[in-house]
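Undergrad: I'm passing along work18.cif; it holds mmCIF, C-alpha atoms.
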```
data_target
#
loop_
_atom_site.label_atom_id
_atom_site.label_comp_id
_atom_site.auth_asym_id
_atom_site.auth_seq_id
_atom_site.Cartn_x
_atom_site.Cartn_y
_atom_site.Cartn_z
CA MET A 67 -22.22 10.09 -37.70
CA SER A 68 -23.13 12.00 -34.52
CA GLN A 69 -21.29 9.41 -32.42
CA GLU A 70 -18.01 10.79 -33.77
CA LEU A 71 -19.24 14.36 -34.12
CA ARG A 72 -17.24 16.96 -32.21
CA ALA A 73 -18.79 20.40 -31.89
CA VAL A 74 -15.58 21.60 -30.20
CA GLU A 75 -12.23 20.43 -31.59
CA TRP A 76 -8.72 21.53 -30.67
CA THR A 77 -6.61 21.73 -33.83
CA GLY A 78 -3.23 22.25 -32.21
CA THR A 79 -3.21 25.98 -32.87
CA GLY A 80 -6.79 26.92 -32.00
CA LEU A 81 -10.39 25.77 -31.88
CA ALA A 82 -12.56 24.52 -34.72
CA LEU A 83 -16.23 25.03 -33.78
CA ILE A 84 -19.06 23.58 -35.86
CA ASP A 85 -21.16 26.62 -36.76
CA GLN A 86 -24.52 25.60 -35.38
CA THR A 87 -26.20 28.69 -36.80
CA ALA A 88 -25.60 27.28 -40.31
CA LEU A 89 -27.03 23.79 -39.73
CA PRO A 90 -28.81 21.85 -41.14
CA HIS A 91 -28.25 23.35 -44.58
CA ARG A 92 -24.49 23.86 -44.36
CA THR A 93 -21.83 22.14 -42.27
CA THR A 94 -19.09 24.69 -41.71
CA THR A 95 -16.64 25.49 -38.94
CA VAL A 96 -15.51 28.68 -37.28
CA ASP A 97 -11.78 28.79 -36.57
CA VAL A 98 -10.93 30.46 -33.28
CA HIS A 99 -7.49 31.90 -32.56
CA ASP A 100 -8.42 34.87 -30.37
CA VAL A 101 -10.65 35.70 -27.44
CA ASP A 102 -12.91 38.11 -29.36
CA THR A 103 -13.85 35.40 -31.85
CA LEU A 104 -14.53 32.88 -29.10
CA VAL A 105 -16.71 35.22 -27.06
CA ASP A 106 -18.65 36.14 -30.20
CA ALA A 107 -19.10 32.45 -31.10
CA ILE A 108 -20.48 31.66 -27.64
CA GLN A 109 -22.85 34.64 -27.62
CA ARG A 110 -24.13 34.09 -31.19
CA LEU A 111 -24.74 30.38 -30.45
CA VAL A 112 -22.18 29.20 -32.98
CA VAL A 113 -21.32 26.87 -30.10
CA ARG A 114 -24.14 26.18 -27.66
CA GLY A 115 -25.29 23.66 -25.10
CA ALA A 116 -23.89 23.93 -21.59
CA PRO A 117 -21.32 21.09 -21.82
CA ALA A 118 -20.08 22.21 -25.26
CA ILE A 119 -19.75 25.78 -24.02
CA GLY A 120 -17.85 24.45 -21.04
CA ALA A 121 -15.40 22.60 -23.31
CA ALA A 122 -14.98 25.70 -25.48
CA GLY A 123 -14.36 27.80 -22.37
CA ALA A 124 -11.77 25.32 -21.10
CA TYR A 125 -9.81 25.67 -24.33
CA GLY A 126 -10.50 29.41 -24.19
CA VAL A 127 -7.90 29.69 -21.43
CA ALA A 128 -5.33 28.34 -23.90
CA ILE A 129 -6.59 30.73 -26.57
CA ALA A 130 -6.07 33.66 -24.19
CA LEU A 131 -2.56 32.48 -23.28
CA MET A 132 -1.55 32.10 -26.91
CA GLU A 133 -3.05 35.45 -27.93
CA GLY A 134 -1.39 37.11 -24.96
CA GLU A 135 1.98 35.76 -26.01
CA ARG A 136 1.49 37.03 -29.57
CA GLU A 137 0.32 40.45 -28.45
CA GLY A 138 2.68 40.93 -25.53
CA TRP A 139 -0.08 41.06 -22.90
CA THR A 140 0.71 41.18 -19.21
CA ASP A 141 -0.41 38.41 -16.90
CA GLY A 142 -3.25 40.64 -15.73
CA GLU A 143 -4.41 41.30 -19.30
CA ILE A 144 -4.49 37.58 -20.05
CA ARG A 145 -6.55 36.94 -16.93
CA LYS A 146 -8.99 39.70 -17.96
CA ALA A 147 -9.36 38.01 -21.36
CA VAL A 148 -10.11 34.70 -19.63
CA ALA A 149 -12.72 36.47 -17.50
CA ARG A 150 -14.43 37.68 -20.69
CA VAL A 151 -14.71 34.09 -21.88
CA ARG A 152 -15.99 32.95 -18.49
CA GLU A 153 -18.74 35.58 -18.49
CA ALA A 154 -19.81 35.22 -22.13
CA ARG A 155 -23.08 33.45 -21.19
CA PRO A 156 -24.15 33.93 -17.58
CA THR A 157 -26.77 31.19 -17.19
CA ALA A 158 -24.71 28.16 -18.25
CA VAL A 159 -22.72 27.23 -15.14
CA ASN A 160 -20.56 24.70 -17.05
CA LEU A 161 -18.74 27.57 -18.73
CA MET A 162 -17.67 29.04 -15.41
CA VAL A 163 -16.89 25.67 -13.80
CA CYS A 164 -14.71 24.50 -16.69
CA VAL A 165 -12.83 27.80 -17.03
CA ASP A 166 -12.19 27.84 -13.28
CA ARG A 167 -10.95 24.24 -13.38
CA VAL A 168 -8.46 24.94 -16.15
CA MET A 169 -7.33 28.15 -14.46
CA THR A 170 -6.04 26.07 -11.53
CA ARG A 171 -3.19 25.11 -13.90
CA PHE A 172 -2.74 28.55 -15.43
CA ASP A 173 0.58 29.19 -13.70
CA GLU A 174 2.00 25.91 -15.05
CA GLY A 175 1.86 27.17 -18.62
CA LEU A 176 0.21 26.32 -21.92
CA ASP A 177 0.89 22.57 -21.98
CA ALA A 178 -0.71 22.08 -18.56
CA VAL A 179 -3.71 24.21 -19.55
CA LEU A 180 -4.22 22.20 -22.73
CA ALA A 181 -3.93 18.92 -20.83
CA GLU A 182 -6.62 20.03 -18.39
CA ALA A 183 -8.91 21.26 -21.19
CA ALA A 184 -8.53 17.91 -22.97
CA ALA A 185 -9.44 16.15 -19.71
CA VAL A 186 -12.60 18.29 -19.44
CA GLN A 187 -13.60 17.22 -22.94
CA ARG A 188 -12.78 13.53 -22.42
CA GLU A 189 -14.59 13.34 -19.09
CA ASP A 190 -17.72 14.92 -20.57
CA VAL A 191 -17.96 12.21 -23.23
CA GLU A 192 -17.51 9.53 -20.56
CA ALA A 193 -20.16 11.16 -18.38
CA ASN A 194 -22.59 11.35 -21.29
CA ARG A 195 -22.19 7.65 -22.01
CA ALA A 196 -22.89 6.83 -18.37
CA MET A 197 -25.93 9.12 -18.34
CA GLY A 198 -27.33 7.41 -21.41
CA ALA A 199 -27.21 4.01 -19.73
CA PHE A 200 -28.53 5.19 -16.35
CA GLY A 201 -31.39 7.14 -17.96
CA ALA A 202 -32.44 4.31 -20.26
CA ASP A 203 -32.35 1.77 -17.42
CA TRP A 204 -34.44 4.02 -15.18
CA LEU A 205 -37.02 4.79 -17.87
CA LEU A 206 -37.51 1.18 -18.90
CA GLU A 207 -37.97 0.14 -15.28
CA ARG A 208 -40.15 3.11 -14.33
CA VAL A 209 -42.43 3.25 -17.38
CA GLY A 210 -42.62 -0.52 -17.60
CA ALA A 211 -43.95 -0.52 -21.14
CA ASP A 212 -43.80 -3.77 -23.09
CA ARG A 213 -43.29 -1.75 -26.27
CA PRO A 214 -40.82 0.83 -27.56
CA LEU A 215 -41.14 4.23 -25.88
CA ARG A 216 -42.35 7.55 -27.26
CA ILE A 217 -40.13 10.37 -25.99
CA LEU A 218 -40.47 14.17 -26.13
CA THR A 219 -37.43 16.40 -25.93
CA HIS A 220 -36.84 20.15 -25.94
CA CYS A 221 -33.91 22.08 -27.42
CA ASN A 222 -30.77 20.23 -28.56
CA THR A 223 -28.89 18.00 -26.14
CA GLY A 224 -26.91 15.75 -28.47
CA ALA A 225 -23.33 15.61 -29.65
CA LEU A 226 -23.64 19.18 -30.90
CA ALA A 227 -24.45 20.44 -27.39
CA THR A 228 -21.72 18.49 -25.59
CA ALA A 229 -18.20 17.21 -26.00
CA GLY A 230 -19.75 14.14 -27.64
CA TRP A 231 -22.68 11.64 -27.55
CA GLY A 232 -25.17 13.87 -25.71
CA THR A 233 -27.08 14.24 -22.44
CA ALA A 234 -30.85 13.92 -22.90
CA LEU A 235 -30.32 12.91 -26.52
CA GLY A 236 -27.72 10.45 -25.26
CA VAL A 237 -30.47 8.69 -23.27
CA ILE A 238 -32.62 8.67 -26.41
CA ARG A 239 -29.75 7.22 -28.46
CA GLU A 240 -29.26 4.50 -25.86
CA LEU A 241 -32.95 3.56 -26.02
CA HIS A 242 -32.68 3.44 -29.80
CA ALA A 243 -29.58 1.22 -29.62
CA ARG A 244 -31.51 -1.20 -27.39
CA GLY A 245 -34.45 -1.32 -29.80
CA ARG A 246 -36.70 0.33 -27.19
CA LEU A 247 -37.51 3.63 -28.94
CA GLU A 248 -40.56 4.14 -31.14
CA VAL A 249 -40.50 7.84 -31.94
CA VAL A 250 -39.20 11.21 -30.72
CA TYR A 251 -41.18 14.43 -30.58
CA ALA A 252 -38.63 17.24 -30.97
CA ASP A 253 -39.87 20.70 -29.98
CA GLU A 254 -38.64 23.27 -32.50
CA THR A 255 -37.32 25.48 -29.64
CA ARG A 256 -36.65 29.19 -29.40
CA PRO A 257 -34.66 31.33 -29.98
CA LEU A 258 -32.92 29.78 -33.02
CA LEU A 259 -34.99 26.65 -33.64
CA GLN A 260 -32.40 24.41 -32.02
CA GLY A 261 -34.83 21.50 -32.04
CA SER A 262 -35.92 21.64 -35.67
CA ARG A 263 -32.48 22.54 -37.00
CA LEU A 264 -30.12 20.62 -34.72
CA THR A 265 -31.94 17.85 -32.83
CA ALA A 266 -33.79 16.78 -35.98
CA TRP A 267 -30.49 16.81 -37.90
CA GLU A 268 -28.86 14.55 -35.32
CA LEU A 269 -31.89 12.22 -35.29
CA VAL A 270 -31.66 11.93 -39.08
CA GLN A 271 -28.00 10.91 -38.79
CA GLU A 272 -29.03 8.18 -36.34
CA GLY A 273 -31.99 6.98 -38.39
CA ILE A 274 -34.37 7.71 -35.50
CA ALA A 275 -38.05 8.26 -36.34
CA HIS A 276 -39.21 11.66 -35.18
CA PHE A 277 -41.64 14.53 -35.49
CA VAL A 278 -40.72 18.21 -35.21
CA GLN A 279 -43.42 20.20 -33.48
CA ALA A 280 -44.00 23.80 -32.40
CA ASP A 281 -43.11 24.49 -28.77
CA GLY A 282 -46.76 25.39 -28.16
CA ALA A 283 -47.86 21.93 -29.32
CA ALA A 284 -45.86 20.05 -26.67
CA ALA A 285 -48.38 20.22 -23.84
CA GLY A 286 -51.21 19.00 -26.05
CA THR A 287 -49.13 16.12 -27.39
CA ILE A 288 -48.38 15.06 -23.81
CA LEU A 289 -51.94 15.41 -22.55
CA ARG A 290 -53.32 13.40 -25.49
CA GLY A 291 -51.29 10.45 -24.28
CA GLU A 292 -48.90 10.41 -27.23
CA VAL A 293 -45.76 10.58 -25.07
CA ASP A 294 -44.41 8.17 -22.44
CA ALA A 295 -41.79 10.52 -20.97
CA ALA A 296 -39.99 13.80 -21.61
CA ILE A 297 -36.21 14.19 -21.37
CA VAL A 298 -34.44 17.55 -21.45
CA GLY A 299 -31.01 18.94 -20.65
CA ALA A 300 -30.05 21.78 -18.33
CA ASP A 301 -27.87 24.87 -18.19
CA ARG A 302 -27.84 25.15 -14.40
CA ILE A 303 -29.32 23.03 -11.61
CA ALA A 304 -29.73 24.56 -8.17
CA ALA A 305 -29.08 22.76 -4.89
CA ASN A 306 -32.81 22.12 -4.41
CA GLY A 307 -33.24 20.64 -7.91
CA ASP A 308 -34.71 23.73 -9.60
CA THR A 309 -33.49 23.58 -13.19
CA ALA A 310 -32.76 26.31 -15.71
CA ASN A 311 -33.10 25.15 -19.30
CA LYS A 312 -34.04 26.59 -22.66
CA VAL A 313 -37.21 28.67 -22.54
CA GLY A 314 -40.31 26.53 -22.94
CA THR A 315 -39.08 23.71 -20.71
CA VAL A 316 -41.26 24.53 -17.71
CA GLY A 317 -44.40 24.13 -19.82
CA VAL A 318 -43.29 20.62 -20.76
CA ALA A 319 -42.72 19.79 -17.10
CA LEU A 320 -46.14 21.09 -16.08
CA ALA A 321 -47.83 19.02 -18.78
CA CYS A 322 -45.91 15.90 -17.72
CA ALA A 323 -46.98 16.43 -14.10
CA ASP A 324 -50.62 16.74 -15.14
CA ALA A 325 -50.40 13.66 -17.37
CA GLY A 326 -48.58 11.64 -14.71
CA ILE A 327 -45.59 10.76 -16.88
CA PRO A 328 -41.87 11.15 -16.07
CA PHE A 329 -40.07 14.41 -16.69
CA LEU A 330 -36.33 13.75 -16.73
CA VAL A 331 -33.42 16.19 -16.70
CA ALA A 332 -30.13 14.76 -17.99
CA ALA A 333 -26.99 16.73 -17.21
CA PRO A 334 -23.45 16.15 -15.92
CA THR A 335 -22.64 17.01 -12.32
CA THR A 336 -20.74 20.06 -13.62
CA THR A 337 -24.18 21.55 -14.37
CA VAL A 338 -25.21 21.24 -10.72
CA ASP A 339 -24.39 24.45 -8.87
CA LEU A 340 -24.63 23.76 -5.14
CA SER A 341 -23.79 27.40 -4.41
CA THR A 342 -27.11 28.37 -6.00
CA PRO A 343 -29.78 27.52 -3.41
CA ASP A 344 -32.81 27.62 -5.71
CA GLY A 345 -34.11 28.77 -9.06
CA ALA A 346 -34.78 32.32 -7.88
CA ALA A 347 -31.01 32.82 -7.64
CA ILE A 348 -30.34 31.76 -11.25
CA HIS A 349 -29.58 34.63 -13.60
CA ILE A 350 -31.83 34.37 -16.68
CA GLU A 351 -30.25 35.72 -19.84
CA LEU A 352 -32.39 38.10 -21.89
CA ARG A 353 -31.67 38.04 -25.61
CA GLY A 354 -32.29 40.79 -28.16
CA GLU A 355 -35.85 41.95 -28.74
CA ASP A 356 -35.58 41.54 -32.51
CA GLU A 357 -35.64 37.74 -32.19
CA VAL A 358 -39.34 37.90 -31.23
CA LEU A 359 -40.32 41.08 -33.05
CA GLU A 360 -38.90 40.05 -36.44
CA TRP A 361 -38.79 36.96 -38.63
CA GLY A 362 -36.01 36.61 -41.15
CA GLY A 363 -35.11 40.26 -40.70
CA VAL A 364 -38.68 41.43 -41.45
CA ARG A 365 -40.65 43.17 -38.69
CA THR A 366 -43.74 41.13 -37.78
CA ALA A 367 -44.90 43.05 -34.69
CA PRO A 368 -46.14 46.64 -34.58
CA ALA A 369 -43.41 49.27 -34.38
CA GLU A 370 -44.66 50.25 -30.92
CA SER A 371 -44.32 46.71 -29.47
CA ARG A 372 -41.55 45.70 -27.10
CA GLY A 373 -40.01 42.25 -27.08
CA HIS A 374 -39.63 40.03 -24.01
CA ASN A 375 -37.09 37.35 -24.90
CA PRO A 376 -35.78 35.25 -21.99
CA ALA A 377 -33.43 32.57 -23.26
CA PHE A 378 -34.21 30.23 -20.34
CA ASP A 379 -36.87 29.41 -17.79
CA VAL A 380 -36.69 27.62 -14.45
CA THR A 381 -38.51 24.36 -13.76
CA PRO A 382 -39.17 23.86 -10.03
CA GLY A 383 -37.57 20.76 -8.56
CA ARG A 384 -40.99 19.45 -7.49
CA LEU A 385 -41.71 18.85 -11.20
CA VAL A 386 -38.43 17.02 -11.91
CA THR A 387 -39.20 13.31 -11.67
CA GLY A 388 -35.58 12.34 -12.17
CA LEU A 389 -32.20 14.04 -12.53
CA VAL A 390 -29.87 11.82 -14.56
CA THR A 391 -26.15 12.40 -14.04
CA GLU A 392 -23.09 10.26 -14.63
CA ARG A 393 -23.54 8.99 -11.05
CA GLY A 394 -27.07 7.70 -11.48
CA VAL A 395 -30.63 9.01 -11.18
CA LEU A 396 -31.92 11.23 -8.37
CA GLU A 397 -35.71 11.25 -7.95
CA VAL A 398 -35.84 14.95 -7.15
CA SER A 399 -39.61 15.36 -6.84
CA ALA A 400 -39.53 12.51 -4.28
CA GLY A 401 -37.01 14.41 -2.14
CA GLN A 402 -33.63 13.20 -3.42
CA LEU A 403 -32.03 16.63 -3.75
CA PRO A 404 -28.68 17.49 -5.36
CA ALA A 405 -27.66 19.33 -2.16
CA ASP A 406 -27.92 16.06 -0.21
CA ARG A 407 -26.63 13.57 -2.78
CA LEU A 408 -24.03 15.32 -4.98
CA ARG A 409 -21.67 17.03 -2.54
#
```
Could you write out this structure as structure tokens?
TA:
Amino acid sequence: MSQELRAVEWTGTGLALIDQTALPHRTTTVDVHDVDTLVDAIQRLVVRGAPAIGAAGAYGVAIALMEGEREGWTDGEIRKAVARVREARPTAVNLMVCVDRVMTRFDEGLDAVLAEAAAVQREDVEANRAMGAFGADWLLERVGADRPLRILTHCNTGALATAGWGTALGVIRELHARGRLEVVYADETRPLLQGSRLTAWELVQEGIAHFVQADGAAAGTILRGEVDAAIVGADRIAANGDTANKVGTVGVALACADAGIPFLVAAPTTTVDLSTPDGAAIHIELRGEDEVLEWGGVRTAPAESRGHNPAFDVTPGRLVTGLVTERGVLEVSAGQLPADRLR
């Protein structure tokens, strides 16, 4: 089912976004015909995952053009609306890259914009397929196990987070297709339980054996020797290999380093930002305090407590055993840096 799943779908008149805040209990879509709705959907995580946000942003240029025509906006007003889409989530570089790519055809009109957005979506699926094969090949050669592998993953990196197939989860699906996957440990993942709600849902569709575990359990699972490798996605990768991903990722990387097992990052080259020299230059989005001070709308912390709620953390490149892109695998911790290999 997830092989054909499209989190972002152009309907001909607008976008249909699978509402990822409703999964796994309800499968519904949010129809987008205006910029306000799209920006809200990106910020509320209706659509999430850097590649999926990038695809939504690419089509967002068309949304702005169509809304501008309906409302009689000037060229400048349309461009301001596009800028709002581009800036809706500051950490995920794919959103900015894909909007900027489509904007190169802005002056050619709606048909050209739509053609470029469709190319963004198509190329992401192709890249994900390539990543799955490269990552599986590398893992099977590097780990060298004569048995199916046990893999840990964090957040959701499947078809829901991309234009289709998946990044880190795409590698996992490839291992499963080859009969070389034993089990997946899926961290539940803050802030909206993307692992327990979304990754687990996709694994169920694929018939892949898995456990959902608390984020705080990941390090112990790794250090007990229950995992052969960890694979995660990314929202931005700096020139030196430092990687911003969903909060909790750096703890997984540290545990993998201590246990001596591979820690892989799987992401398309559009996630690599060579203009960002290192992780210190990556803007980390802070979400609302209520997400950590409340549960289900009920206050769980004292009224006097403040909430610290970073949506992402940065894993230093020295902890990234391999960066899997559609071009192959860079062994970042061994000195194969994006700045040198992906220009």
Undergrad: When distances are computed from all atoms listed in the file, which of A:Val186, A:Val101, A:Ala400, A:Leu176 shows the smallest separation from Ala130 in chain A?
TA: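 Of A:Val186, A:Val101, A:Ala400, A:Leu176, the one nearest Ala130 in chain A, counting all atoms listed in the file, is A:Val101.
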Undergrad: Could you give me, as a PyMOL selection string, the residues within 12 Å of range 275-284 of chain A, counting only C-alpha atoms and dropping anything in the same chain fewer than 2 positions from it?
TA: chain A and resi 214-221+238-239+242+247-257+259-273+286-293+295-296+312-322
Undergrad: With distances taken over all atoms listed in the file, which of A:Val380, A:Ala121, A:Ile350, A:Val165 is nearest to Thr228 in chain A?
TA: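 Of A:Val380, A:Ala121, A:Ile350, A:Val165, the one nearest Thr228 in chain A is A:Ala121, counting all atoms listed in the file.
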Undergrad: Which residues fall under the PyMOL selection byres ((chain A and resi 82) around 10) in this file, as JSON, numbers by chain?
TA: {"A": [72, 73, 74, 75, 76, 77, 78, 79, 80, 81, 83, 84, 85, 94, 95, 96, 97, 98, 99, 122]}
Undergrad: Would you mind exporting the chosen residues as a PDB file, in the coordinates of the input, restricted to C-alpha atoms?
TA:
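part03.pdb, freshly written:
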```pdb
ATOM      1  CA  ARG A  72     -17.240  16.960 -32.210  1.00  0.00           C
ATOM      2  CA  ALA A  73     -18.790  20.400 -31.890  1.00  0.00           C
ATOM      3  CA  VAL A  74     -15.580  21.600 -30.200  1.00  0.00           C
ATOM      4  CA  GLU A  75     -12.230  20.430 -31.590  1.00  0.00           C
ATOM      5  CA  TRP A  76      -8.720  21.530 -30.670  1.00  0.00           C
ATOM      6  CA  THR A  77      -6.610  21.730 -33.830  1.00  0.00           C
ATOM      7  CA  GLY A  78      -3.230  22.250 -32.210  1.00  0.00           C
ATOM      8  CA  THR A  79      -3.210  25.980 -32.870  1.00  0.00           C
ATOM      9  CA  GLY A  80      -6.790  26.920 -32.000  1.00  0.00           C
ATOM     10  CA  LEU A  81     -10.390  25.770 -31.880  1.00  0.00           C
ATOM     11  CA  LEU A  83     -16.230  25.030 -33.780  1.00  0.00           C
ATOM     12  CA  ILE A  84     -19.060  23.580 -35.860  1.00  0.00           C
ATOM     13  CA  ASP A  85     -21.160  26.620 -36.760  1.00  0.00           C
ATOM     14  CA  THR A  94     -19.090  24.690 -41.710  1.00  0.00           C
ATOM     15  CA  THR A  95     -16.640  25.490 -38.940  1.00  0.00           C
ATOM     16  CA  VAL A  96     -15.510  28.680 -37.280  1.00  0.00           C
ATOM     17  CA  ASP A  97     -11.780  28.790 -36.570  1.00  0.00           C
ATOM     18  CA  VAL A  98     -10.930  30.460 -33.280  1.00  0.00           C
ATOM     19  CA  HIS A  99      -7.490  31.900 -32.560  1.00  0.00           C
ATOM     20  CA  ALA A 122     -14.980  25.700 -25.480  1.00  0.00           C
TER      21      ALA A 122
END
```
Undergrad: Evaluating the PyMOL selection byres ((chain A and resi 330-345) around 7) on the displayed file yields which residues, as a compact mmCIF listing (two decimals) with C-alpha atoms, in the frame of the given file?
TA:
```txt
# COMPACT_ATOMS: atom_id res chain seq x y z
CA VAL A 159 -22.72 27.23 -15.14
CA ASN A 160 -20.56 24.70 -17.05
CA VAL A 163 -16.89 25.67 -13.80
CA ALA A 193 -20.16 11.16 -18.38
CA THR A 233 -27.08 14.24 -22.44
CA ALA A 234 -30.85 13.92 -22.90
CA ALA A 296 -39.99 13.80 -21.61
CA ILE A 297 -36.21 14.19 -21.37
CA VAL A 298 -34.44 17.55 -21.45
CA GLY A 299 -31.01 18.94 -20.65
CA ALA A 300 -30.05 21.78 -18.33
CA ASP A 301 -27.87 24.87 -18.19
CA ARG A 302 -27.84 25.15 -14.40
CA ILE A 303 -29.32 23.03 -11.61
CA ALA A 304 -29.73 24.56 -8.17
CA ALA A 305 -29.08 22.76 -4.89
CA ASN A 306 -32.81 22.12 -4.41
CA ASP A 308 -34.71 23.73 -9.60
CA THR A 309 -33.49 23.58 -13.19
CA PRO A 328 -41.87 11.15 -16.07
CA PHE A 329 -40.07 14.41 -16.69
CA ALA A 346 -34.78 32.32 -7.88
CA ALA A 347 -31.01 32.82 -7.64
CA ILE A 348 -30.34 31.76 -11.25
CA VAL A 380 -36.69 27.62 -14.45
CA VAL A 386 -38.43 17.02 -11.91
CA THR A 387 -39.20 13.31 -11.67
CA GLY A 388 -35.58 12.34 -12.17
CA LEU A 389 -32.20 14.04 -12.53
CA VAL A 390 -29.87 11.82 -14.56
CA THR A 391 -26.15 12.40 -14.04
CA GLU A 392 -23.09 10.26 -14.63
CA ALA A 405 -27.66 19.33 -2.16
```
